[in-house]
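Content type TSV, C-alpha atoms and all ligand atoms, from the file query11.tsv:
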chain	number	residue	atom	x	y	z
Z	43	MET	CA	-2.14	-5.65	-31.45
Z	44	SER	CA	-3.17	-3.86	-28.31
Z	45	LEU	CA	-1.12	-1.16	-26.64
Z	46	ALA	CA	-0.45	-3.47	-23.72
Z	47	GLU	CA	1.00	-6.05	-26.11
Z	48	ARG	CA	3.09	-3.54	-28.09
Z	49	TYR	CA	4.69	-1.77	-25.14
Z	50	ASP	CA	6.37	-3.01	-22.00
Z	51	LEU	CA	4.14	-1.72	-19.24
Z	52	SER	CA	5.83	-3.71	-16.49
Z	53	ASP	CA	7.92	-0.69	-15.46
Z	54	LEU	CA	4.76	1.24	-14.66
Z	55	THR	CA	4.55	1.07	-10.89
Z	56	ASN	CA	2.74	2.86	-8.12
Z	57	GLN	CA	5.32	4.02	-5.61
Z	58	MET	CA	2.54	4.45	-3.05
Z	59	GLU	CA	2.34	0.64	-2.81
Z	60	ASP	CA	5.86	0.51	-1.37
Z	61	PHE	CA	5.07	3.25	1.15
Z	62	VAL	CA	1.88	1.47	2.24
Z	63	PHE	CA	3.53	-1.97	2.54
Z	64	GLN	CA	6.39	-0.53	4.63
Z	65	GLU	CA	4.00	1.30	6.93
Z	66	LEU	CA	1.64	-1.69	7.15
Z	67	GLU	CA	4.56	-3.90	8.18
Z	68	SER	CA	5.75	-1.54	10.89
Z	69	GLN	CA	2.26	-1.01	12.34
Z	70	LEU	CA	1.42	-4.76	12.22
Z	71	ASN	CA	4.69	-5.60	13.99
Z	72	ALA	CA	3.43	-3.56	16.94
Z	73	ILE	CA	0.24	-5.66	17.19
Z	74	ALA	CA	0.34	-9.20	18.66
Z	75	ASP	CA	-0.56	-11.95	16.16
Z	76	GLU	CA	-3.36	-13.25	18.39
Z	77	ASP	CA	-5.04	-9.83	18.56
Z	78	ILE	CA	-5.96	-9.56	14.86
Z	79	CYS	CA	-6.12	-11.84	11.82
Z	80	LYS	CA	-2.99	-11.51	9.69
Z	81	CYS	CA	-3.96	-13.97	6.95
Z	82	ASN	CA	-3.17	-13.22	3.30
Z	83	ASP	CA	-6.72	-12.03	2.53
Z	84	CYS	CA	-6.80	-9.61	5.46
Z	85	ILE	CA	-3.37	-8.15	4.73
Z	86	LEU	CA	-4.34	-7.55	1.08
Z	87	ASP	CA	-7.68	-6.05	2.18
Z	88	MET	CA	-5.78	-3.65	4.46
Z	89	ALA	CA	-3.42	-2.66	1.65
Z	90	CYS	CA	-6.37	-2.13	-0.76
Z	91	PHE	CA	-8.27	-0.04	1.76
Z	92	ALA	CA	-5.30	2.25	2.40
Z	93	LEU	CA	-4.29	2.49	-1.28
Z	94	ASN	CA	-7.83	3.34	-2.41
Z	95	ASN	CA	-7.82	6.30	-0.03
Z	96	LEU	CA	-4.41	7.62	-1.06
Z	97	THR	CA	-3.40	9.44	-4.22
Z	98	PRO	CA	-1.34	7.05	-6.36
Z	99	LYS	CA	2.25	7.98	-7.24
Z	100	TYR	CA	2.96	6.33	-10.56
Z	101	ARG	CA	6.35	6.31	-12.20
Z	102	SER	CA	7.47	4.85	-15.49
Z	103	SER	CA	11.26	4.78	-15.33
Z	104	LEU	CA	14.25	4.25	-13.10
Z	105	ILE	CA	14.92	8.00	-12.95
Z	106	GLY	CA	11.34	8.60	-11.91
Z	107	SER	CA	11.80	6.08	-9.14
Z	108	LEU	CA	14.77	7.99	-7.75
Z	109	TYR	CA	12.64	11.11	-7.34
Z	110	ALA	CA	9.69	9.16	-6.01
Z	111	LYS	CA	11.83	7.38	-3.38
Z	112	VAL	CA	11.69	10.46	-1.23
Z	113	GLU	CA	8.52	10.27	0.79
Z	114	SER	CA	7.51	13.77	1.79
Z	115	ARG	CA	6.43	14.50	5.33
Z	116	GLU	CA	2.90	15.20	4.10
Z	117	VAL	CA	2.69	11.91	2.21
Z	118	HIS	CA	4.06	10.00	5.20
Z	119	VAL	CA	1.41	11.42	7.53
Z	120	GLY	CA	-1.31	10.44	5.06
Z	121	VAL	CA	0.09	6.92	4.72
Z	122	GLN	CA	0.31	6.48	8.51
Z	123	LYS	CA	-3.28	7.64	8.98
Z	124	ASN	CA	-4.79	5.51	6.22
Z	125	VAL	CA	-2.87	2.38	7.18
Z	126	ALA	CA	-4.01	2.74	10.80
Z	127	GLN	CA	-7.63	3.11	9.62
Z	128	ALA	CA	-7.26	0.11	7.30
Z	129	ILE	CA	-5.97	-2.14	10.11
Z	130	GLN	CA	-8.78	-1.04	12.42
Z	131	LYS	CA	-11.52	-1.41	9.80
Z	132	ILE	CA	-10.47	-4.79	8.38
Z	133	SER	CA	-9.56	-6.38	11.71
Z	134	GLN	CA	-12.94	-5.45	13.19
Z	135	ASN	CA	-14.81	-7.15	10.36
Z	136	PRO	CA	-12.51	-9.62	8.57
Z	137	LEU	CA	-14.02	-10.95	5.33
Z	138	CYS	CA	-12.07	-14.20	5.78
Z	139	GLY	CA	-14.27	-15.07	8.77
Z	140	ASN	CA	-11.34	-15.60	11.18
Z	141	VAL	CA	-11.80	-13.85	14.49
V	201	ZN	ZN	-8.05	-13.00	7.83
Let me see the file written as structure tokens.
Ligand SMILES: [Zn+2]
Amino acid sequence: MSLAERYDLSDLTNQMEDFVFQELESQLNAIADEDICKCNDCILDMACFALNNLTPKYRSSLIGSLYAKVESREVHVGVQKNVAQAIQKISQNPLCGNV
């Protein structure tokens, strides 16, 4: 039996995903729908791009999540910067082919 089968790993989450999705939503809301492609593929590409450039913040329990909920000023600046770059990069060259 593998470790993944023996233990419940579903509580293992990367808090950075929440920060990136929140920031992505707020920045995308400021851009008109007709200006960039907001299809599922492009949104996921943007999230991947930003997340791959940010240090993950994994937690494994509810208590850990309470500590991780607080997004430090430094982390927030990094998230803002990487999400802005992700939107620019993906929207300029969308893999989905929509322009
Ligand atoms: Zn697209």
Taking into account all atoms listed in the file, which residue in the set Z:Leu66, Z:Ile129, Z:Leu96, Z:Cys90 is nearest to Glu116 in chain Z?
->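 Among the listed residues, the smallest separation from Glu116 in chain Z belongs to Z:Leu96.
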Mind listing the residues within 6 Å of ligand ZN 201 (chain V), all atoms listed in the file counted, as a ChimeraX atom specification?
-> /Z:79-81,83-84,136,138,140
Using all atoms listed in the file, which of the listed residues (Z:Val125, Z:Arg115, Z:Ser133, Z:Pro98) sits closest to Leu54 in chain Z?
-> Z:Pro98
If you measure from CA of Glu67 in chain Z to CA of Ile132 in chain Z, what distance in Å do you get, rounded to one decimal?
->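 Result for CA of Glu67 in chain Z versus CA of Ile132 in chain Z: 15.1 Å, one decimal.
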Considering all atoms listed in the file, state which residue in the set Z:Ser103, Z:Ala72, Z:Glu65, Z:Asn135 is at the smallest distance from Val119 in chain Z.
->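 For Val119 in chain Z, the nearest of the given residues is Z:Glu65.
Nearest to Leu93 in chain Z of all the residues Z:Glu47, Z:Glu113, Z:Gly120, Z:Ala74 is Z:Gly120, based on all atoms listed in the file.
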Check the smallest atom-to-atom distance from each of Z:Ala46, Z:Ala92, Z:Ile73, Z:Ile85 to Gln122 in chain Z using only C-alpha atoms, then report the winner.
-> Z:Ala92
Nearest-residue call for Met58 in chain Z, choices Z:Ile78, Z:Val121, Z:Leu70, Z:Leu86, using all atoms listed in the file | Z:Val121
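A straight line drawn from CA of Tyr100 in chain Z to CA of Glu59 in chain Z is 9.6 Å long.
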Put the listed atoms of range 126-137 of chain Z in a box along x, y and z with 4 Å added on every side and give me the centre and edge lengths in Å to one decimal, as AutoDock Vina command-line options.
--center_x -9.4 --center_y -3.9 --center_z 9.3 --size_x 18.8 --size_y 22.1 --size_z 15.9
Any idea what the distance is between CA of Asp77 in chain Z and CA of Val117 in chain Z?
-> 28.3 Å
Would you mind completing range 125-136 of chain Z to N, CA, C and O atoms and writing the output as an mmCIF file, in the coordinates of the input?
data_model
loop_
_atom_site.group_PDB
_atom_site.id
_atom_site.type_symbol
_atom_site.label_atom_id
_atom_site.label_comp_id
_atom_site.auth_asym_id
_atom_site.auth_seq_id
_atom_site.Cartn_x
_atom_site.Cartn_y
_atom_site.Cartn_z
ATOM 1 N N VAL Z 125 -3.221 3.749 6.809
ATOM 2 C CA VAL Z 125 -2.870 2.380 7.180
ATOM 3 C C VAL Z 125 -3.473 2.038 8.548
ATOM 4 O O VAL Z 125 -4.019 0.947 8.742
ATOM 5 N N ALA Z 126 -3.426 2.976 9.484
ATOM 6 C CA ALA Z 126 -4.010 2.740 10.800
ATOM 7 C C ALA Z 126 -5.516 2.492 10.689
ATOM 8 O O ALA Z 126 -6.066 1.582 11.319
ATOM 9 N N GLN Z 127 -6.182 3.281 9.838
ATOM 10 C CA GLN Z 127 -7.630 3.110 9.620
ATOM 11 C C GLN Z 127 -7.915 1.762 8.960
ATOM 12 O O GLN Z 127 -8.889 1.087 9.297
ATOM 13 N N ALA Z 128 -7.077 1.375 8.013
ATOM 14 C CA ALA Z 128 -7.260 0.110 7.300
ATOM 15 C C ALA Z 128 -7.158 -1.068 8.277
ATOM 16 O O ALA Z 128 -7.989 -1.976 8.247
ATOM 17 N N ILE Z 129 -6.149 -1.049 9.139
ATOM 18 C CA ILE Z 129 -5.970 -2.140 10.110
ATOM 19 C C ILE Z 129 -7.179 -2.224 11.034
ATOM 20 O O ILE Z 129 -7.717 -3.306 11.280
ATOM 21 N N GLN Z 130 -7.634 -1.070 11.501
ATOM 22 C CA GLN Z 130 -8.780 -1.040 12.420
ATOM 23 C C GLN Z 130 -10.035 -1.580 11.719
ATOM 24 O O GLN Z 130 -10.723 -2.449 12.241
ATOM 25 N N LYS Z 131 -10.306 -1.057 10.524
ATOM 26 C CA LYS Z 131 -11.520 -1.410 9.800
ATOM 27 C C LYS Z 131 -11.551 -2.910 9.435
ATOM 28 O O LYS Z 131 -12.536 -3.600 9.679
ATOM 29 N N ILE Z 132 -10.492 -3.396 8.843
ATOM 30 C CA ILE Z 132 -10.470 -4.790 8.380
ATOM 31 C C ILE Z 132 -10.446 -5.768 9.551
ATOM 32 O O ILE Z 132 -11.132 -6.787 9.539
ATOM 33 N N SER Z 133 -9.681 -5.448 10.593
ATOM 34 C CA SER Z 133 -9.560 -6.380 11.710
ATOM 35 C C SER Z 133 -10.860 -6.479 12.515
ATOM 36 O O SER Z 133 -11.137 -7.497 13.138
ATOM 37 N N GLN Z 134 -11.667 -5.416 12.476
ATOM 38 C CA GLN Z 134 -12.940 -5.450 13.190
ATOM 39 C C GLN Z 134 -13.971 -6.301 12.463
ATOM 40 O O GLN Z 134 -14.914 -6.801 13.066
ATOM 41 N N ASN Z 135 -13.822 -6.421 11.160
ATOM 42 C CA ASN Z 135 -14.810 -7.150 10.360
ATOM 43 C C ASN Z 135 -14.121 -7.921 9.236
ATOM 44 O O ASN Z 135 -14.316 -7.625 8.067
ATOM 45 N N PRO Z 136 -13.293 -8.917 9.597
ATOM 46 C CA PRO Z 136 -12.510 -9.620 8.570
ATOM 47 C C PRO Z 136 -13.392 -10.444 7.633
ATOM 48 O O PRO Z 136 -14.219 -11.231 8.087
#
